[in-house]
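Here's the structure we're looking at; comments come further down.
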Amino acid sequence: LADAANAERQLALASDLRRRNLSFIDGEGQHPSNAWPAEASFLILGVSRDEASELGIRHQQNAIVWCGPDAVPQLVLLR
């Protein structure tokens, strides 16, 4: 998507997170060794895998990264 569309979707997700009273931290996803532009992201604290997946689907994401109490990251494909 174009930068403007991505920014609009990020704002919509932030609004949804606030409405749900979820704590989150702004972030960026970027591979350290390539020149692809960074992608805005959120670290959402205390969210269940089911709720995180529902949020990802609602906001048309292809996948999310989720960690449980063991802190092992899992790539969850949504499409």
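Labels used: A, B, ... for chains in the order of the structure tokens, numbers from 1 for residues in each chain, and numbers from 1 for ligands as shown.
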
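Using only C-alpha atoms, the contacts of segment 7-15 of chain A at a cut-off of 9 Å, with sequence neighbours closer than 5 positions omitted, comprise Ala2, Arg20, Phe24, Ala40, Ser41, Phe42, Leu55, Gly56, Arg58, His59 and Gln60 of chain A.
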
**OP:** Would you kindly return, as a PyMOL selection string, each protein, DNA or RNA residue with an atom no farther than 7 Å from any atom of Glu39 of chain A, considering only C-alpha atoms and excluding same-chain residues fewer than 2 positions away?
**Re:** chain A and resi 28-30+37+41

Please produce a file of the residues just selected, as a PDB file, in the first residue's frame, where the atoms kept are all heavy atoms.
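New file part.pdb:
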ATOM      1  N   GLU A  28       9.006  -0.050  15.075  1.00  0.00           N
ATOM      2  CA  GLU A  28       9.279  -0.145  13.641  1.00  0.00           C
ATOM      3  C   GLU A  28       9.878  -1.506  13.371  1.00  0.00           C
ATOM      4  O   GLU A  28      10.732  -1.970  14.120  1.00  0.00           O
ATOM      5  CB  GLU A  28      10.291   0.914  13.194  1.00  0.00           C
ATOM      6  CG  GLU A  28       9.767   2.313  13.135  1.00  0.00           C
ATOM      7  CD  GLU A  28      10.780   3.264  12.523  1.00  0.00           C
ATOM      8  OE1 GLU A  28      11.992   2.951  12.508  1.00  0.00           O
ATOM      9  OE2 GLU A  28      10.362   4.327  12.068  1.00  0.00           O
ATOM     10  N   GLY A  29       9.414  -2.113  12.296  1.00  0.00           N
ATOM     11  CA  GLY A  29      10.005  -3.370  11.858  1.00  0.00           C
ATOM     12  C   GLY A  29      10.929  -3.125  10.691  1.00  0.00           C
ATOM     13  O   GLY A  29      10.510  -2.567   9.678  1.00  0.00           O
ATOM     14  N   GLN A  30      12.189  -3.493  10.856  1.00  0.00           N
ATOM     15  CA  GLN A  30      13.154  -3.294   9.776  1.00  0.00           C
ATOM     16  C   GLN A  30      14.274  -4.303   9.926  1.00  0.00           C
ATOM     17  O   GLN A  30      14.802  -4.499  11.028  1.00  0.00           O
ATOM     18  CB  GLN A  30      13.728  -1.884   9.814  1.00  0.00           C
ATOM     19  CG  GLN A  30      14.659  -1.599   8.671  1.00  0.00           C
ATOM     20  CD  GLN A  30      15.109  -0.151   8.639  1.00  0.00           C
ATOM     21  OE1 GLN A  30      15.053   0.553   9.646  1.00  0.00           O
ATOM     22  NE2 GLN A  30      15.558   0.303   7.499  1.00  0.00           N
ATOM     23  N   PRO A  37      12.462   0.101   3.519  1.00  0.00           N
ATOM     24  CA  PRO A  37      12.039   1.080   4.533  1.00  0.00           C
ATOM     25  C   PRO A  37      11.409   0.405   5.757  1.00  0.00           C
ATOM     26  O   PRO A  37      10.754  -0.636   5.637  1.00  0.00           O
ATOM     27  CB  PRO A  37      10.995   1.933   3.818  1.00  0.00           C
ATOM     28  CG  PRO A  37      11.035   1.557   2.384  1.00  0.00           C
ATOM     29  CD  PRO A  37      11.764   0.278   2.247  1.00  0.00           C
ATOM     30  N   SER A  41       4.867  -0.306  13.551  1.00  0.00           N
ATOM     31  CA  SER A  41       4.259  -1.438  14.240  1.00  0.00           C
ATOM     32  C   SER A  41       3.930  -1.045  15.671  1.00  0.00           C
ATOM     33  O   SER A  41       4.292   0.044  16.122  1.00  0.00           O
ATOM     34  CB  SER A  41       5.205  -2.640  14.223  1.00  0.00           C
ATOM     35  OG  SER A  41       6.362  -2.365  14.993  1.00  0.00           O
TER      36      SER A  41
END

Going by DSSP on the backbone, which bits of chain A are strand (DSSP E or B)? Write them as a CSV table (one decimal) with N, CA, C and O atoms, in the first residue's frame, please.
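Now in out-v9.csv:
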chain,number,residue,atom,x,y,z
A,23,SER,N,-2.5,-1.7,26.5
A,23,SER,CA,-1.3,-1.0,26.5
A,23,SER,C,-0.4,-1.3,25.3
A,23,SER,O,-0.3,-2.5,25.0
A,24,PHE,N,0.2,-0.3,24.7
A,24,PHE,CA,1.0,-0.6,23.5
A,24,PHE,C,2.1,0.4,23.4
A,24,PHE,O,2.1,1.5,24.0
A,25,ILE,N,3.1,0.0,22.6
A,25,ILE,CA,4.3,0.8,22.4
A,25,ILE,C,4.5,0.9,20.9
A,25,ILE,O,4.5,-0.1,20.2
A,26,ASP,N,4.8,2.1,20.4
A,26,ASP,CA,5.1,2.3,19.0
A,26,ASP,C,6.4,1.6,18.7
A,26,ASP,O,7.4,1.7,19.5
A,27,GLY,N,6.5,1.1,17.5
A,27,GLY,CA,7.8,0.4,17.1
A,27,GLY,C,7.9,0.5,15.6
A,27,GLY,O,7.1,1.1,14.9
A,28,GLU,N,9.0,0.0,15.1
A,28,GLU,CA,9.3,-0.1,13.6
A,28,GLU,C,9.9,-1.5,13.4
A,28,GLU,O,10.7,-2.0,14.1
A,29,GLY,N,9.4,-2.1,12.3
A,29,GLY,CA,10.0,-3.4,11.9
A,29,GLY,C,10.9,-3.1,10.7
A,29,GLY,O,10.5,-2.6,9.7
A,39,GLU,N,8.8,-0.4,8.7
A,39,GLU,CA,7.4,-0.4,8.7
A,39,GLU,C,6.9,-0.2,10.2
A,39,GLU,O,7.4,-0.8,11.1
A,40,ALA,N,6.0,0.8,10.3
A,40,ALA,CA,5.4,1.1,11.6
A,40,ALA,C,4.7,-0.2,12.2
A,40,ALA,O,4.2,-1.0,11.5
A,41,SER,N,4.9,-0.3,13.6
A,41,SER,CA,4.3,-1.4,14.2
A,41,SER,C,3.9,-1.0,15.7
A,41,SER,O,4.3,0.0,16.1
A,42,PHE,N,3.2,-1.9,16.3
A,42,PHE,CA,3.0,-1.8,17.8
A,42,PHE,C,3.3,-3.0,18.5
A,42,PHE,O,3.1,-4.2,18.0
A,43,LEU,N,3.9,-2.9,19.7
A,43,LEU,CA,4.1,-4.0,20.7
A,43,LEU,C,2.9,-3.8,21.6
A,43,LEU,O,2.8,-2.8,22.3
A,44,ILE,N,2.0,-4.8,21.6
A,44,ILE,CA,0.8,-4.7,22.4
A,44,ILE,C,1.0,-5.6,23.6
A,44,ILE,O,1.2,-6.8,23.4
A,45,LEU,N,0.8,-5.1,24.8
A,45,LEU,CA,1.1,-5.8,26.0
A,45,LEU,C,-0.1,-6.5,26.6
A,45,LEU,O,-1.2,-5.8,26.6
A,63,ALA,N,-0.2,-11.2,8.8
A,63,ALA,CA,0.4,-12.1,9.9
A,63,ALA,C,0.6,-11.1,11.1
A,63,ALA,O,0.7,-9.9,10.9
A,64,ILE,N,0.8,-11.8,12.2
A,64,ILE,CA,1.2,-11.1,13.4
A,64,ILE,C,2.4,-11.9,14.1
A,64,ILE,O,2.5,-13.1,13.8
A,65,VAL,N,3.1,-11.3,14.9
A,65,VAL,CA,4.1,-12.0,15.8
A,65,VAL,C,3.5,-11.9,17.2
A,65,VAL,O,3.2,-10.8,17.7
A,66,TRP,N,3.4,-13.0,17.8
A,66,TRP,CA,2.8,-13.1,19.2
A,66,TRP,C,3.7,-13.9,20.1
A,66,TRP,O,4.3,-14.9,19.7
A,67,CYS,N,3.8,-13.4,21.3
A,67,CYS,CA,4.6,-14.1,22.4
A,67,CYS,C,3.7,-14.4,23.6
A,67,CYS,O,3.0,-13.5,24.0
A,73,PRO,N,8.7,-16.0,20.4
A,73,PRO,CA,7.9,-15.4,19.4
A,73,PRO,C,7.3,-16.5,18.4
A,73,PRO,O,8.0,-17.4,18.1
A,74,GLN,N,6.1,-16.2,18.0
A,74,GLN,CA,5.4,-17.1,17.0
A,74,GLN,C,4.9,-16.2,15.9
A,74,GLN,O,4.3,-15.2,16.1
A,75,LEU,N,5.2,-16.7,14.7
A,75,LEU,CA,4.6,-16.0,13.5
A,75,LEU,C,3.2,-16.6,13.3
A,75,LEU,O,3.1,-17.9,13.1
A,76,VAL,N,2.1,-15.8,13.4
A,76,VAL,CA,0.8,-16.3,13.2
A,76,VAL,C,0.3,-15.8,11.9
A,76,VAL,O,0.0,-14.6,11.7
A,77,LEU,N,0.1,-16.7,10.9
A,77,LEU,CA,-0.4,-16.3,9.6
A,77,LEU,C,-1.9,-16.1,9.7
A,77,LEU,O,-2.6,-17.0,10.2

Original post:
Restricting the calculation to only C-alpha atoms, which member of A:Glu51, A:Gly46, A:Ala35, A:Ala4 is positioned closest to Asp16 of chain A?
Top reply: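 Of the candidates, the smallest distance to Asp16 of chain A is held by A:Glu51.
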
Subject >> Pairwise distance for atom CA of Leu78 of chain A and atom CA of Asn34 of chain A, rounded to one decimal in Å >> reply: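 For atom CA of Leu78 of chain A relative to atom CA of Asn34 of chain A, the distance reads 25.4 Å.
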
Original post:
In Å, with one decimal, what is the gap from atom CA of Val47 of chain A to atom CA of Ala71 of chain A?
Top reply: 13.0 Å
